[in-house]
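Beneath this line is the structure, given in C-alpha cells, with notes to follow.
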Amino acid sequence: MNRYVVVFLSTLVILLSSARGHAFVRESGQGGVLAFWPNATTSLNLEVGCPNTPLSQWGPCWTDAVMDAANQWPHPDTAFRFTIQSPTTATADPCGDADNTHTIAFRLTTCGNRGFGSSLAVTYFLLNPATGAFVDADTVFAAGQPWTTYSGPLQTNAAGTTVYDFHRVAIHELGHVLGLDHPDDFGQHVAAIMNRTVSDIDTPQADDRAGAHAIYPAAGATAPVTGVLENPQSNSAVSGISTVSGWVCSASQVTLQIDATASLAVPYGSLRGDTQAACGAVNTGFGLLVNWNNLTPGPHQVVVSADGVEVGRAAVTVASFGTDFLRGASGTVVVPFNGRSVTLQWQESLQNFVISDVQ
Amino acid sequence: MRKSPVKIFLLAVGIVFCSALPRAHATSAIEMTFADLVAHAEVIAVGTVTDIREQWDAAQKVPLTLVTFSDLTVLKGNPGNSMTLEFVGGTMPNGLVMVVSGVPRFAVGEKTVVFSTGNHQDFCPLTGVWQGLLRVTADPQLGTETVSDSAHVPIAKIQNGKFMKFSTGVTAQEALSLPDLIQAIQAELRQSGTHS
C-alpha cells in the first residue's frame with residue numbers, strides 16, 4: 001500500500017477515535033478544585049416567563065422549554081436531579097448573594113450590571129474553594145437576542161442571521177449548573193452539547209452523559225470524587241524535573257495522563273493535614289515526579305484521575321533545552337525580582353534553576 | 001526549515017478534517033470571524049500578563065478579577081504601556097468563589113494576543129469571550145513564537161476568515177507564527193480602513 005495512504009488511514013483512525021472518546025471536563029474553581037452539588041440535586045427557580053407568541057416546540061412558555069431541558073439530563077446511571085421550585089421566587093436576583101436557588105432569567109445585563117458583550121447566556125456559580133461544593137448557580141439569558149425553539153440543524157432567518165434555539169442553549173447552561181465545563185475549552189474534540197459552540201447537536205450526547213455520571217454516579221456511593229490537582233497549575237510553564245501533586249479524599253488508585261497517553265499510577269496516601277476539614281482524613285496526598293524534558297517543548301495537557309474519575313487537569317507549556325537530561329552544565333544568573341537581587345543557580349538533579357541567594 | 005512530505009501531508013489532513021467540522025455558533029458567545037474580531041475589538045495588543053488580582057465591587061456586589069498586561073505591542077486602540085482588563089468573577093467577601101463558565105483563565109508570565117471590547121462594561125472584556133484571547137508559545141531552540149487559541153490548540157493559519165486549528169500533531173514550526181498573525185491583523189486593519 002502506498003506509504004501516504006497508510007499515513008492517511010492511520011491519521012483518520014486516530015482522529016475518528018479521538019472524536020468518539022470521552023473528553024468531558026468538569027467545572028472547577030481557583031486552584032483546580034472540581035465543582036459538584038453535595039446532594040446531587042439543585043432547585044430551579046424559573047423566571048423566564050412566556051413569549052408573546054406561544055412557542056411551537058416545548059412551549060407554550062420559556063418556562064416549559066427550560067423544564068424540558070432539565071429533563072434531558074436525568075439518566076438511569078446518573079444520580080443528579082433538577083427539581084423545579086414551586087411557587088417561584090419572582091423577586092430572586094440571579095446575581096444576588098448565595099440563596100441556594102438556581103434562578104434562570106432573561107436580563108438586559110449580566111451580573112454586576114455588566115453587558116453581555118457578544119454572549120447569549122451566562123452561567124455564574126458560587127462554590128466553596130476548599131471543597132468545590134456548589135453553593136449557588138444562576139443563569140441569565142440575553143433578553144435582546146432573537147430567541148425561539150426548534151430541534152435539529154441550526155436555522156437562519158431570511159437575512160441569513162442565526163436564530164437561536166433557546167431549548168438547546170438551556171440544556172447547555174444546565175450542564176454548567178450540574179458541573180460540566182466546555183470540553184473544547186481544553187483542546188478536546190468530541191461531540192457534545194457542552195462544547196462552547198452551539199451546533200446542530202440539540203440533546204446531551206454520550207460524552208455529556210459520561211460527564212454527568214462521573215460526577216454523580218447512580219450506582220453505589222453517590223458521593224463525587226473530591227480532590228485537587230495543585231501542581232502544575234493550569235496555564236503555567238513547566239520545566240526540568242518537578243512533582244505533579246495534589247490531594248484526593250478517597251480513592252483506590254490515582255493516575256496521571258499526559259496528552260491522553262497511557263495512565264501512570266501516582267503514589268497516593270501521603271499526609272496532608274490541611275485536608276482534614278474537607279476529607280475527614282489526612283492520608284490524602286498524591287505526587288509523581290515528572291521529567292518535563294521528556295516532552296516536546298510547547299503545550300501539553302496533564303490530567304489526574306482517581307479511580308477513573310477526573311480530579312483535575314492543567315494546560316501546561318513545556319520549556320526545555322531539547323535533551324532528556326542536560327549533563328555537565330553549571331552556572332548562576334542574577335536577576336532583579338520583587339525589589340531584590342536574586343541569584344539563580346543551575347541544579348542538574350532538578351534540571352532547573354534554584355534560588356541560591358537573595359540580596 | 002524544510003518540512004518533510006509526510007509532515008506536509010499530515011498538515012493538509014489536519015486542515016481538511018478541521019474544515020469538515022459542522023458550522024457552529026457559540027453558546028455563550030456569538031461566533032466571530034477573524035475580520036469580526038479585528039473590527040469589533042476596541043484594543044488589539046500583544047502583551048504579557050504581569051499581574052492578576054481580585055477586587056470586590058461593593059456597589060455592584062460582584063467580585064472582579066483584574067488582569068494586567070504589560071510590554072504591549074499595540075495594534076489597535078490606545079491602551080498605553082499597559083492595560084488592565086476587568087473580569088467578573090473571583091473571591092467574595094464571605095470566602096466563596098464566583099466562577100463564570102467559559103471565561104478564559106490567565107497565568108502571570110504568559111504572553112498573549114488580546115482583542116478587547118467593553119472593558120469595565122461587559123462581564124468579560126475579551127471580544128467574543130474566549131475568541132478574543134490567543135496565547136503565544138515561544139520555542140527558545142528555534143527562536144520562534146507561535147500562536148494557539150485560548151484552549152492552547154495551535155492555530156495553523158487564517159483561512160476564509162477563520163482560525164484553522166489542529167487537535168494533534170502540530171509542531172511549533174508548523175503553527176501560525178506571531179509575526180504572521182500581527183501581519184494579518186495589520187492587513188485586516190488596513191483593509192477595513194482602521195488605524196491604530
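In the C-alpha cells, chains take letters A, B, ... by order of appearance, with residues numbered from 1 within each chain and ligands from 1 in the order shown.
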_Selection near Met92 in chain B, 7 Å with only C-alpha atoms, sequence-local residues under 6 positions removed, as a PyMOL selection string_ = chain B and resi 56+63+98
Generate a file of the selected residues that holds N, CA and C atoms, formatted as a short mmCIF file (atom, residue, chain, number, x, y, z; two decimals), in the first residue's frame.
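After the write, selection_3.cif holds the following:
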```cif
data_model
loop_
_atom_site.label_atom_id
_atom_site.label_comp_id
_atom_site.auth_asym_id
_atom_site.auth_seq_id
_atom_site.Cartn_x
_atom_site.Cartn_y
_atom_site.Cartn_z
N TRP B 56 -13.26 43.50 45.21
CA TRP B 56 -14.70 43.41 45.46
C TRP B 56 -15.36 44.72 45.03
N PRO B 63 -17.54 40.15 42.68
CA PRO B 63 -16.08 40.13 42.73
C PRO B 63 -15.52 40.34 41.32
N MET B 98 -16.82 33.08 43.06
CA MET B 98 -17.75 33.17 41.93
C MET B 98 -16.98 32.86 40.64
#
```
*asked:* List the spatial neighbours of range 60-74 of chain A as a ChimeraX atom specification - criterion: any atom at most 7 Å away, only C-alpha atoms, same-chain residues fewer than 3 positions off excluded.
replied: /A:46,48-51,54-56,78,80-82,167,170-171,174,204
If you keep C-alpha atoms, can you produce a file of those selected residues as a short mmCIF file (atom, residue, chain, number, x, y, z; two decimals), in the first residue's frame?
```cif
data_model
loop_
_atom_site.label_atom_id
_atom_site.label_comp_id
_atom_site.auth_asym_id
_atom_site.auth_seq_id
_atom_site.Cartn_x
_atom_site.Cartn_y
_atom_site.Cartn_z
CA LEU A 46 -37.66 29.75 36.65
CA VAL A 48 -38.21 33.26 32.16
CA GLY A 49 -41.96 33.60 31.63
CA CYS A 50 -43.67 33.34 28.26
CA PRO A 51 -43.08 34.88 24.83
CA PRO A 54 -46.52 30.72 22.16
CA LEU A 55 -43.53 28.52 21.40
CA SER A 56 -44.20 25.87 18.79
CA THR A 78 -26.69 9.34 36.97
CA PHE A 80 -28.21 14.07 39.70
CA ARG A 81 -31.71 15.53 39.51
CA PHE A 82 -33.02 19.03 38.88
CA HIS A 167 -34.03 24.87 24.34
CA ALA A 170 -30.82 25.89 28.17
CA ILE A 171 -29.63 22.26 28.11
CA LEU A 174 -27.95 23.45 32.83
CA PRO A 204 -26.97 15.64 25.61
#
```
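Selecting strand (DSSP E) from the backbone DSSP output for range 129-163 of chain B yields Leu133, Leu134, Arg135, Val136, Thr137, Ala138, Asp139, Thr144, Glu145, Thr146, Val147, Ser148, Ile155, Ala156, Lys157, Ile158, Gln159, Lys162 and Phe163 of chain B.
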*Would you list the contacts of range 323-338 of chain A as number ranges by chain, taking every protein, DNA or RNA residue within 8 Å and counting only C-alpha atoms, but skipping same-chain residues closer than 3 positions in sequence?*
A: 291, 293-294, 320, 341-348, 351
*Could you pull out the residues in range 43-273 of chain A that DSSP calls helix (DSSP H, G or I) from the backbone, as a ChimeraX atom specification?*
/A:62-70,111-113,166-178,183-186,206-215,273
Within 7 Å of chain B: each chain A residue with its shortest pair, only C-alpha atoms, as a tab-separated table:
```
residue	atom	partner	partner_atom	distance
A:Gly29	CA	B:Val99	CA	6.6
A:Thr110	CA	B:Phe123	CA	6.9
A:Gly112	CA	B:Gln60	CA	4.8
A:Asn113	CA	B:Gln60	CA	6.9
A:Arg114	CA	B:Asp122	CA	4.5
A:Gly115	CA	B:Asp122	CA	4.1
A:Phe116	CA	B:Asp122	CA	5.8
A:Gly117	CA	B:Asp122	CA	5.7
A:Ser118	CA	B:Ala29	CA	5.2
A:Ser119	CA	B:Ala29	CA	3.6
A:Leu120	CA	B:Ser28	CA	5.0
A:Ala121	CA	B:Ser28	CA	5.1
A:Val122	CA	B:Ser28	CA	6.1
A:Thr123	CA	B:Ser101	CA	5.8
A:Tyr124	CA	B:Val100	CA	4.6
A:Phe125	CA	B:Val99	CA	5.4
A:Leu126	CA	B:Met98	CA	4.5
A:Leu127	CA	B:Val97	CA	5.4
A:Asn128	CA	B:Leu96	CA	5.2
A:Pro129	CA	B:Val97	CA	6.1
A:Val169	CA	B:Thr27	CA	6.2
A:Asp181	CA	B:Ser101	CA	7.0
A:His182	CA	B:Gly102	CA	7.0
A:Asp185	CA	B:Ala151	CA	4.9
A:Phe186	CA	B:Ala151	CA	4.9
A:Gly187	CA	B:Ala151	CA	5.3
A:Arg196	CA	B:Ala26	CA	5.7
A:Thr197	CA	B:Ala26	CA	3.6
A:Val198	CA	B:Thr27	CA	4.7
A:Ser199	CA	B:Ala24	CA	4.8
A:Asn235	CA	B:Ala107	CA	5.7
A:Ser236	CA	B:Ala107	CA	6.2
A:Pro297	CA	B:Asp139	CA	6.9
A:Gly298	CA	B:Thr137	CA	6.6
A:Pro299	CA	B:His152	CA	6.5
```
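Distances to Ala142 in chain A were evaluated for A:His189, A:His172, A:Arg107, A:His102 using only C-alpha atoms, and the minimum falls at A:Arg107.
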*asked:* List as an MDAnalysis selection string the protein and nucleic acid residues near Asn78 in chain B, meaning an atom at most 12 Å away when only C-alpha atoms are counted, but skip any in the same chain fewer than 4 places from it.
replied: chainID B and resid 41:45 72:74 82:83 116 195:196
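Once Arg53 in chain B and its same-chain neighbours fewer than 2 positions away are set aside, B:Asp51, B:Gln55, B:Thr65, B:Leu66, B:Val67 remain within 7 Å of it when counting only C-alpha atoms.
Among A:Gly240, A:Gly322, A:Pro232, A:Gly179, the residue with the shortest atom-to-atom distance to Thr41 in chain A, counting only C-alpha atoms, is A:Gly179.
For Val290 in chain A, the set of protein, DNA and RNA residues having any atom at most 6 Å away, when counting only C-alpha atoms and skipping those fewer than 6 positions along the same chain, is Ile241, Ser242 and Thr243 of chain A.
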*Compile the contact shell of range 144-156 of chain A as a list in words: residues with an atom at most 6 Å away, counting only C-alpha atoms, same-chain residues fewer than 5 positions apart removed.*
Gln57, Thr161, Thr162, Val163, Tyr164, Asp165, Phe166, His167 and Asp200 of chain A
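Using only C-alpha atoms, the smallest distance between any of B:Gly132, B:Lys111, B:Leu75, B:Val49 and Ala187 in chain B comes from B:Leu75.
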*Quick one: distance from CA of His176 in chain A to CA of Leu264 in chain A in Å, one decimal?*
29.5 Å
